[in-house]
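One file, structure.txt, carrying compact mmCIF, C-alpha atoms:
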# COMPACT_ATOMS: atom_id res chain seq x y z
CA MET A 1 18.00 8.14 -9.26
CA SER A 2 16.57 11.33 -10.65
CA GLY A 3 18.52 14.54 -10.97
CA GLU A 4 15.42 16.58 -10.17
CA PRO A 5 15.27 18.76 -7.06
CA GLY A 6 14.11 16.71 -4.12
CA ALA A 7 15.21 13.39 -5.54
CA GLY A 8 16.35 11.27 -2.63
CA ARG A 9 18.73 8.41 -2.33
CA ARG A 10 16.46 5.42 -2.22
CA PRO A 11 17.71 1.88 -2.09
CA SER A 12 17.17 0.60 -5.59
CA TYR A 13 17.52 -2.91 -6.85
CA LEU A 14 17.84 -4.80 -10.08
CA ALA A 15 16.09 -8.17 -9.98
CA ARG A 16 15.85 -11.04 -12.40
CA ILE A 17 12.62 -12.95 -12.93
CA GLU A 18 13.49 -16.43 -11.74
CA ARG A 19 10.11 -18.09 -12.19
CA ILE A 20 6.53 -17.38 -13.24
CA LEU A 21 3.48 -19.07 -11.73
CA ASP A 22 0.00 -18.70 -13.19
CA HIS A 23 -2.67 -19.06 -10.50
CA ALA A 24 -5.49 -18.55 -12.99
CA ARG A 25 -5.86 -17.31 -16.57
CA ASP A 26 -5.67 -13.70 -15.38
CA THR A 27 -3.64 -14.01 -12.18
CA ARG A 28 0.11 -14.48 -12.02
CA SER A 29 3.05 -14.54 -9.61
CA LEU A 30 6.58 -13.45 -10.47
CA PHE A 31 9.50 -14.64 -8.37
CA LEU A 32 12.28 -12.05 -8.25
CA ARG A 33 15.93 -12.67 -7.43
CA VAL A 34 17.94 -9.51 -6.74
CA VAL A 35 21.11 -9.34 -8.81
CA GLU A 36 22.22 -5.78 -7.96
CA GLY A 37 21.67 -3.52 -4.97
CA GLY A 38 22.15 -5.72 -1.94
CA ARG A 39 19.65 -7.71 0.04
CA PRO A 40 16.23 -6.13 0.56
CA ARG A 41 14.72 -6.39 4.03
CA TRP A 42 11.03 -6.09 4.66
CA THR A 43 8.22 -6.51 7.14
CA PRO A 44 5.13 -8.55 6.26
CA GLY A 45 2.74 -6.30 4.33
CA MET A 46 5.33 -4.15 2.57
CA PHE A 47 5.46 -3.48 -1.16
CA ILE A 48 8.11 -2.72 -3.73
CA SER A 49 7.85 0.10 -6.26
CA ILE A 50 8.55 -1.25 -9.71
CA SER A 51 9.68 1.02 -12.53
CA ILE A 52 7.41 0.44 -15.51
CA PRO A 53 8.79 1.81 -18.79
CA LEU A 54 5.96 3.11 -20.95
CA ALA A 55 6.23 4.56 -24.44
CA ASP A 56 7.38 8.03 -23.41
CA GLU A 57 7.98 7.91 -19.68
CA MET A 58 8.80 5.81 -16.64
CA ARG A 59 6.04 5.17 -14.13
CA VAL A 60 6.33 3.66 -10.69
CA ARG A 61 3.73 1.18 -9.49
CA PRO A 62 3.56 -0.63 -6.15
CA TYR A 63 3.36 -4.42 -5.84
CA THR A 64 3.04 -6.07 -2.46
CA ILE A 65 5.51 -8.78 -1.54
CA ALA A 66 3.43 -11.92 -1.14
CA SER A 67 6.27 -14.02 0.20
CA SER A 68 7.67 -14.03 3.73
CA PRO A 69 10.81 -12.32 5.01
CA GLU A 70 11.50 -15.63 6.79
CA ASP A 71 12.02 -17.24 3.36
CA GLY A 72 14.16 -14.45 1.90
CA GLU A 73 14.57 -14.45 -1.85
CA PRO A 74 13.11 -14.89 -4.34
CA LEU A 75 10.51 -12.24 -3.60
CA GLU A 76 7.07 -13.12 -4.89
CA ILE A 77 4.66 -10.55 -6.26
CA VAL A 78 1.17 -11.42 -7.43
CA PHE A 79 -1.12 -9.46 -9.72
CA ASN A 80 -4.09 -9.83 -12.02
CA ARG A 81 -5.14 -8.26 -15.27
CA VAL A 82 -7.19 -5.12 -14.84
CA THR A 83 -8.83 -3.04 -17.53
CA GLY A 84 -6.52 -0.19 -18.49
CA GLY A 85 -3.79 -1.40 -16.13
CA THR A 86 -0.61 -0.49 -17.98
CA GLY A 87 1.61 -1.68 -15.14
CA VAL A 88 0.21 -5.20 -15.03
CA ALA A 89 0.05 -5.37 -18.83
CA TRP A 90 3.81 -4.75 -18.88
CA LEU A 91 4.39 -7.28 -16.12
CA PHE A 92 2.37 -9.92 -17.98
CA GLU A 93 4.76 -9.51 -20.93
CA ARG A 94 7.84 -10.30 -18.83
CA LYS A 95 9.59 -13.63 -19.27
CA PRO A 96 11.91 -15.66 -17.02
CA GLY A 97 15.35 -14.06 -17.14
CA ASP A 98 14.00 -10.56 -17.76
CA GLU A 99 15.19 -7.88 -15.38
CA ILE A 100 13.13 -5.45 -13.30
CA ASN A 101 14.14 -2.33 -11.39
CA PHE A 102 12.50 -1.56 -8.09
CA THR A 103 12.89 0.55 -4.94
CA GLY A 104 11.72 -0.13 -1.43
CA PRO A 105 10.42 -2.14 0.27
CA PHE A 106 7.94 0.41 1.60
CA GLY A 107 4.65 0.34 3.41
CA ALA A 108 2.52 1.42 6.34
CA PHE A 109 0.16 -1.59 6.27
CA THR A 110 2.52 -3.92 8.08
CA LEU A 111 2.46 -6.41 10.90
CA ASP A 112 5.68 -7.25 12.66
CA HIS A 113 4.36 -8.90 15.86
CA ALA A 114 0.92 -10.26 16.66
CA PRO A 115 -1.10 -8.01 18.95
CA GLU A 116 -2.14 -9.52 22.32
CA ARG A 117 -5.67 -9.90 21.03
CA GLU A 118 -7.71 -12.04 18.70
CA LEU A 119 -6.60 -11.15 15.21
CA VAL A 120 -8.88 -11.12 12.19
CA PHE A 121 -7.68 -10.85 8.60
CA ILE A 122 -10.08 -10.01 5.80
CA ALA A 123 -8.87 -10.22 2.21
CA GLU A 124 -10.26 -10.26 -1.29
CA GLY A 125 -8.63 -11.82 -4.37
CA THR A 126 -5.01 -10.81 -4.96
CA ALA A 127 -5.20 -8.61 -1.85
CA ILE A 128 -4.27 -11.76 0.06
CA ALA A 129 -0.69 -10.76 -0.88
CA PRO A 130 0.12 -8.71 2.25
CA ILE A 131 -1.96 -10.98 4.50
CA ARG A 132 -0.11 -14.18 3.54
CA PRO A 133 3.26 -13.20 5.10
CA MET A 134 1.42 -11.63 8.06
CA LEU A 135 -0.32 -14.96 8.71
CA ARG A 136 2.94 -16.81 8.49
CA ARG A 137 4.47 -14.40 11.02
CA VAL A 138 1.67 -14.54 13.59
CA LEU A 139 1.35 -18.34 13.34
CA GLU A 140 5.07 -18.83 13.97
CA PRO A 141 4.67 -19.19 17.76
CA LYS A 142 3.11 -22.53 18.72
CA SER A 143 0.57 -20.85 21.00
CA GLY A 144 -1.16 -17.51 21.06
CA ASN A 145 -4.46 -15.78 20.54
CA PRO A 146 -6.98 -16.93 17.95
CA VAL A 147 -6.24 -15.91 14.36
CA ARG A 148 -8.97 -15.80 11.73
CA LEU A 149 -8.97 -15.27 7.99
CA LEU A 150 -12.05 -14.45 5.97
CA TYR A 151 -10.98 -14.68 2.34
CA ALA A 152 -13.36 -13.65 -0.42
CA ALA A 153 -13.24 -13.81 -4.20
CA ASP A 154 -15.54 -13.59 -7.18
CA HIS A 155 -14.52 -17.10 -8.25
CA ALA A 156 -12.89 -20.05 -6.50
CA ASP A 157 -9.91 -19.78 -8.92
CA HIS A 158 -9.18 -16.37 -7.40
CA LEU A 159 -8.72 -17.75 -3.88
CA LEU A 160 -4.93 -17.77 -4.07
CA PHE A 161 -2.61 -19.90 -1.94
CA ARG A 162 -5.68 -21.79 -0.77
CA GLY A 163 -3.94 -25.15 -0.30
CA GLU A 164 -1.16 -23.58 1.70
CA ILE A 165 -3.58 -21.67 3.93
CA GLU A 166 -5.68 -24.78 4.47
CA ARG A 167 -2.55 -26.64 5.57
CA TRP A 168 -1.84 -23.86 8.06
CA ALA A 169 -5.38 -24.20 9.39
CA MET A 170 -4.84 -27.96 9.85
CA ALA A 171 -1.52 -27.42 11.59
CA HIS A 172 -2.62 -24.58 13.90
CA PRO A 173 -5.82 -25.19 15.90
CA ARG A 174 -5.97 -21.49 16.81
CA PHE A 175 -6.17 -20.50 13.14
CA HIS A 176 -9.60 -20.46 11.53
CA PHE A 177 -9.93 -20.08 7.77
CA GLU A 178 -13.17 -19.36 5.95
CA THR A 179 -13.88 -18.41 2.37
CA VAL A 180 -16.62 -16.49 0.61
CA VAL A 181 -17.19 -16.85 -3.12
CA ALA A 182 -19.76 -14.59 -4.77
CA ASP A 183 -19.74 -14.23 -8.54
CA ALA A 184 -22.28 -11.42 -8.92
CA GLY A 185 -20.14 -8.32 -9.41
CA TYR A 186 -18.06 -6.06 -7.21
CA GLU A 187 -20.88 -4.46 -5.22
CA ALA A 188 -22.46 -7.81 -4.41
CA LEU A 189 -19.14 -9.32 -3.39
CA TYR A 190 -18.37 -6.56 -0.90
CA ALA A 191 -21.96 -6.52 0.36
CA ARG A 192 -21.54 -10.22 1.09
CA ILE A 193 -18.22 -9.64 2.87
CA ILE A 194 -19.77 -6.93 5.04
CA GLU A 195 -22.69 -9.21 5.82
CA GLU A 196 -20.28 -11.94 6.95
CA VAL A 197 -18.18 -9.47 8.95
CA GLU A 198 -21.21 -8.08 10.75
CA ARG A 199 -22.59 -11.52 11.49
CA ARG A 200 -19.33 -12.81 12.94
CA TRP A 201 -17.76 -9.84 14.65
CA VAL A 202 -20.51 -7.31 15.26
CA GLY A 203 -23.77 -9.16 15.90
CA ALA A 204 -22.41 -12.32 17.52
CA ASP A 205 -21.03 -10.79 20.72
CA ASN A 206 -20.01 -7.59 22.48
CA ASP A 207 -16.29 -8.27 22.30
CA ARG A 208 -14.69 -5.20 20.74
CA THR A 209 -11.07 -6.04 21.56
CA ARG A 210 -10.26 -7.80 18.28
CA HIS A 211 -7.72 -6.39 15.86
CA PHE A 212 -8.45 -6.36 12.14
CA PHE A 213 -6.28 -6.22 9.03
CA VAL A 214 -8.36 -5.67 5.91
CA CYS A 215 -7.06 -5.60 2.34
CA GLY A 216 -9.09 -5.36 -0.83
CA VAL A 217 -9.96 -3.24 -3.81
CA GLY A 218 -11.83 0.05 -3.92
CA ALA A 219 -14.41 1.67 -1.68
CA GLY A 220 -15.68 -1.67 -0.38
CA VAL A 221 -12.67 -1.70 1.93
CA LEU A 222 -13.76 1.62 3.43
CA SER A 223 -17.25 0.19 3.98
CA ILE A 224 -15.73 -2.72 5.93
CA ARG A 225 -13.66 -0.23 7.94
CA ASP A 226 -16.72 1.87 8.69
CA ALA A 227 -18.80 -1.17 9.70
CA LEU A 228 -16.17 -2.23 12.23
CA ARG A 229 -15.35 1.19 13.62
CA GLY A 230 -19.03 2.06 13.70
CA ALA A 231 -19.65 -1.06 15.77
CA GLY A 232 -17.23 0.15 18.43
CA TYR A 233 -13.84 -1.28 17.47
CA GLU A 234 -10.92 1.06 18.19
CA ARG A 235 -9.87 3.11 15.18
CA ARG A 236 -6.29 1.88 15.39
CA ALA A 237 -7.40 -1.73 15.81
CA VAL A 238 -8.94 -1.62 12.34
CA ARG A 239 -6.05 -1.43 9.88
CA TYR A 240 -6.65 -1.57 6.16
CA GLU A 241 -5.12 -1.11 2.75
CA LEU A 242 -7.12 -0.19 -0.27
CA TRP A 243 -5.93 -1.07 -3.78
CA MET Z 244 -1.70 32.30 -9.44
CA ALA Z 245 -1.11 29.93 -6.55
CA ARG Z 246 2.35 29.42 -5.15
CA ILE Z 247 4.10 26.61 -3.31
CA ARG Z 248 7.49 27.16 -1.68
CA ILE Z 249 9.24 23.86 -1.04
CA VAL Z 250 11.81 23.59 1.72
CA PHE Z 251 13.83 20.38 1.92
CA GLU Z 252 14.96 19.19 5.34
CA SER Z 253 17.83 17.49 3.51
CA GLY Z 254 19.31 20.94 2.86
CA GLU Z 255 18.72 20.97 -0.88
CA PRO Z 256 17.97 24.45 -2.29
CA GLU Z 257 14.42 25.72 -1.87
CA GLN Z 258 12.13 25.64 -4.86
CA ILE Z 259 9.14 27.83 -5.74
CA VAL Z 260 6.34 26.79 -8.07
CA GLU Z 261 3.69 29.16 -9.43
CA PHE Z 262 0.66 27.61 -11.07
CA ASN Z 263 -3.00 27.93 -11.83
CA PRO Z 264 -4.97 25.27 -9.87
CA ALA Z 265 -7.54 25.26 -12.66
CA ASP Z 266 -4.90 23.76 -14.98
CA ALA Z 267 -4.68 20.54 -12.92
CA PRO Z 268 -3.89 17.71 -13.41
CA PHE Z 269 -0.27 18.47 -14.24
CA GLN Z 270 0.67 14.78 -14.61
CA HIS Z 271 -0.79 11.38 -13.72
CA ASP Z 272 0.03 10.52 -10.08
CA GLY Z 273 -1.89 11.64 -6.98
CA GLN Z 274 -5.12 13.60 -6.75
CA PRO Z 275 -5.39 16.18 -9.55
CA GLY Z 276 -4.16 19.51 -8.18
CA SER Z 277 -2.51 17.88 -5.17
CA ILE Z 278 0.87 18.99 -3.89
CA LEU Z 279 2.33 15.84 -5.46
CA ASP Z 280 0.66 16.56 -8.79
CA VAL Z 281 1.91 20.15 -8.81
CA LEU Z 282 5.48 19.29 -7.84
CA LEU Z 283 5.90 16.39 -10.26
CA GLY Z 284 4.30 18.42 -13.02
CA HIS Z 285 6.95 21.10 -12.45
CA HIS Z 286 9.86 18.62 -12.35
CA ILE Z 287 10.34 18.66 -8.60
CA HIS Z 288 10.63 15.19 -7.14
CA LEU Z 289 8.52 14.10 -4.19
CA GLU Z 290 8.62 10.45 -3.12
CA HIS Z 291 5.42 8.58 -3.88
CA ALA Z 292 6.26 4.91 -3.62
CA CYS Z 293 2.66 3.76 -3.98
CA GLY Z 294 2.15 5.81 -7.13
CA GLY Z 295 0.19 8.54 -5.34
CA ASN Z 296 -2.68 6.23 -4.41
CA CYS Z 297 -2.90 6.99 -0.67
CA ALA Z 298 -1.34 3.66 0.25
CA CYS Z 299 1.88 4.77 1.96
CA THR Z 300 3.34 7.85 3.64
CA THR Z 301 6.34 8.48 1.44
CA CYS Z 302 4.88 11.77 0.18
CA HIS Z 303 4.45 13.09 3.73
CA VAL Z 304 4.97 16.87 3.88
CA ILE Z 305 4.66 19.34 6.72
CA VAL Z 306 2.63 22.41 5.79
CA LYS Z 307 4.29 25.48 7.28
CA GLN Z 308 1.93 28.01 5.73
CA GLY Z 309 -1.43 27.86 3.99
CA PHE Z 310 -2.78 24.73 5.73
CA ASN Z 311 -6.36 26.02 5.42
CA LYS Z 312 -5.92 26.56 1.69
CA LEU Z 313 -5.77 22.81 1.15
CA SER Z 314 -8.57 20.29 0.78
CA GLU Z 315 -9.67 18.56 3.96
CA ALA Z 316 -7.93 15.27 4.81
CA SER Z 317 -10.01 12.10 4.46
CA GLU Z 318 -10.16 9.46 7.19
CA GLN Z 319 -8.01 7.25 4.99
CA GLU Z 320 -5.32 9.93 4.76
CA GLU Z 321 -5.48 10.50 8.54
CA ASP Z 322 -5.13 6.76 9.15
CA LEU Z 323 -2.00 6.66 7.03
CA LEU Z 324 -0.56 9.81 8.55
CA ASP Z 325 -0.74 8.08 11.93
CA ARG Z 326 2.04 5.84 10.60
CA ALA Z 327 4.23 8.65 9.23
CA PRO Z 328 7.55 9.26 10.92
CA GLY Z 329 7.82 12.81 12.27
CA LEU Z 330 4.06 13.44 12.25
CA THR Z 331 3.02 17.01 13.11
CA PRO Z 332 -0.41 18.70 13.48
CA THR Z 333 0.05 20.19 10.00
CA SER Z 334 1.25 17.02 8.29
CA ARG Z 335 -0.40 16.04 5.03
CA LEU Z 336 0.11 13.45 2.33
CA GLY Z 337 1.26 15.28 -0.77
CA CYS Z 338 -0.80 12.99 -3.00
CA GLN Z 339 -4.06 13.90 -1.22
CA ALA Z 340 -3.68 17.56 -0.23
CA VAL Z 341 -5.27 19.51 -3.09
CA VAL Z 342 -4.52 23.21 -3.50
CA ASP Z 343 -8.01 24.52 -4.14
CA HIS Z 344 -7.56 28.28 -3.81
CA ALA Z 345 -6.41 30.19 -6.88
CA ASP Z 346 -4.33 32.61 -4.78
CA ALA Z 347 -3.02 30.11 -2.22
CA GLU Z 348 0.41 30.79 -0.71
CA ILE Z 349 1.66 27.44 0.55
CA VAL Z 350 4.95 26.62 2.23
CA ILE Z 351 5.85 22.97 2.76
CA LEU Z 352 8.75 21.19 4.40
CA VAL Z 353 9.76 17.86 2.90
CA PRO Z 354 11.05 15.79 5.82
CA ARG Z 355 14.37 14.04 5.56
CA TYR Z 356 12.80 10.69 6.42
CA THR Z 357 9.56 10.09 4.61
CA ILE Z 358 9.78 6.42 3.91
CA ASN Z 359 8.21 3.49 5.72
CA GLN Z 360 11.12 1.21 5.33
CA VAL Z 361 12.57 -1.47 7.54
CA SER Z 362 15.86 0.31 7.44
CA GLU Z 363 17.39 3.35 5.83
CA SER Z 364 20.45 1.29 5.03
CA ARG Z 365 20.69 -2.03 3.38
CA ASP Z 366 22.73 -5.08 4.16
CA GLU Z 367 25.88 -5.43 2.19
I'd like the structure from this file rewritten - as structure tokens, please.
Amino acid sequence: MSGEPGAGRRPSYLARIERILDHARDTRSLFLRVVEGGRPRWTPGMFISISIPLADEMRVRPYTIASSPEDGEPLEIVFNRVTGGTGVAWLFERKPGDEINFTGPFGAFTLDHAPERELVFIAEGTAIAPIRPMLRRVLEPKSGNPVRLLYAADHADHLLFRGEIERWAMAHPRFHFETVVADAGYEALYARIIEEVERRWVGADNDRTRHFFVCGVGAGVLSIRDALRGAGYERRAVRYELW
Amino acid sequence: MARIRIVFESGEPEQIVEFNPADAPFQHDGQPGSILDVLLGHHIHLEHACGGNCACTTCHVIVKQGFNKLSEASEQEEDLLDRAPGLTPTSRLGCQAVVDHADAEIVILVPRYTINQVSESRDE
């Protein structure tokens, strides 16, 4: 806790890295077991704020919890290497047994209960992290409205948790899972996602009652938002988080 | 010089910061010249759990004076503010509200509850 004016009293935790899982050469999960601070509670979609010690200062960077509250600890966070990303560079250097300080969980991009409508998730790469526990939550009841996931990546290796999600699709007839892989750069990837979104949920019918949860990187997410809202979906039915 | 007076709903003593908006950024989180940037750069803490990236509402502030001296809110900021506890017509996210008038006189209230958490307390 800081002694600066305005510093609050935030729940803070000390966690130990229990396990590391490499999804791809540049994509990794850490599994965190809290050793001090109590038991964190969260809603699917929330993130934790990890303290990253740099040379001359401490920075705080958010990492979404990719695991489900239903499973409790360890908490799983997933991240990939990004150019100039000091936070992930530090995280990539951590080893099992190392300790990490974090506060939270926080977040406004959350889903506690499924809306009484068809629900569409759209994710790209590691931004599947908040969607994964949301899916688990909404698929918990045996019956319900249709649930769809359109999951995009620049390479098949970056479609994370694919086996698990495919098993969910097999087990739940109301859940439909589709992937898009386009290895032609960021702009082309998001152009392809928007094309798929417009074909499925704008051009195919006049139903504008669906609810959307969109998570991805950069301004492409805002373009998806604008395509859906511009087509007549309610503003609050199009939720998104931009990394 | 621009001025921000910070009132804390928690009852902590008020703070006043005087600064030149042209000197922004004052540190590395939030939009350069934003309320968050100014406060952190002058050693006044404002929550910013997402690192000042417009991905949460923990830097929610209520602007009591000088609302029209701040940059206009984007749709993304408005979407997030919808989820902020204690939302008011003059609510802003500190990481996005840029002080863009050199002589701005801003007064903000930092709400007691600014965090999107499951619970304020934790299980023991």
Residues of chain A within 9 Å of chain Z, counting all atoms listed in the file, as a ChimeraX atom specification
/A:2-8,10-11,37-43,46-50,59-63,103-109,222,235-236,239-243
So that I can see what lies close to Asp98 (chain A), please list as a list in words the residues with an atom at most 10 Å from it, counting only C-alpha atoms and leaving out residues fewer than 6 positions away in the same chain.
Ala15, Arg16, Ile17, Glu18 and Leu32 of chain A
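The environment of Tyr190 (chain A) within 7 Å, counting all atoms listed in the file and disregarding residues fewer than 4 places along the same chain, consists of Tyr186, Ile194 and Gly220 of chain A.
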Select all residues near (-6.9, 32.2, -8.2) (cut-off 7 Å, inclusive, file coordinates), counting only C-alpha atoms, and output them as an NGL selection string.
:Z and (244-245 or 263 or 344-346)
I'd like the contact shell of His158 (chain A) - 10 Å cut-off, all atoms listed in the file, skipping same-chain residues fewer than 2 positions apart - returned as a PyMOL selection string.
chain A and resi 23-27+80+124-126+152-156+160-162+181
Quick one: residues within 9 Å of Arg148 (chain A), all atoms listed in the file counted, chain neighbours fewer than 5 positions away excluded, as a ChimeraX atom specification?
/A:118-122,174-178
Distance query Pro332 (chain Z) at most 12 Å, all atoms listed in the file, self and fewer than 2 positions along chain excluded, as a ChimeraX atom specification:
/Z:304-307,310,316,321,324-325,327,329-330,334-335
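As for CA of Trp168 (chain A) and CA of Ile20 (chain A), they are spaced 23.8 Å apart.
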Could you please determine the separation between CA of Gly273 (chain Z) and CA of Phe102 (chain A) in Å, to one decimal place?
19.6 Å
Neighbours of point (3.3, -0.2, -19.2) within 7 Å, using only C-alpha atoms, written as a list in words
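Within 7 Å of (3.3, -0.2, -19.2), the protein and nucleic acid residues are Ile52, Pro53, Leu54, Thr86, Gly87, Ala89 and Trp90 of chain A.
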Return the padded bounding box of region 152-162 of chain A as AutoDock Vina command-line options: axis-aligned, built from all atoms listed in the file, 8 Å added on each side, with centre and edge lengths in Å to one decimal.
--center_x -9.1 --center_y -17.7 --center_z -4.7 --size_x 28.9 --size_y 24.2 --size_z 24.5
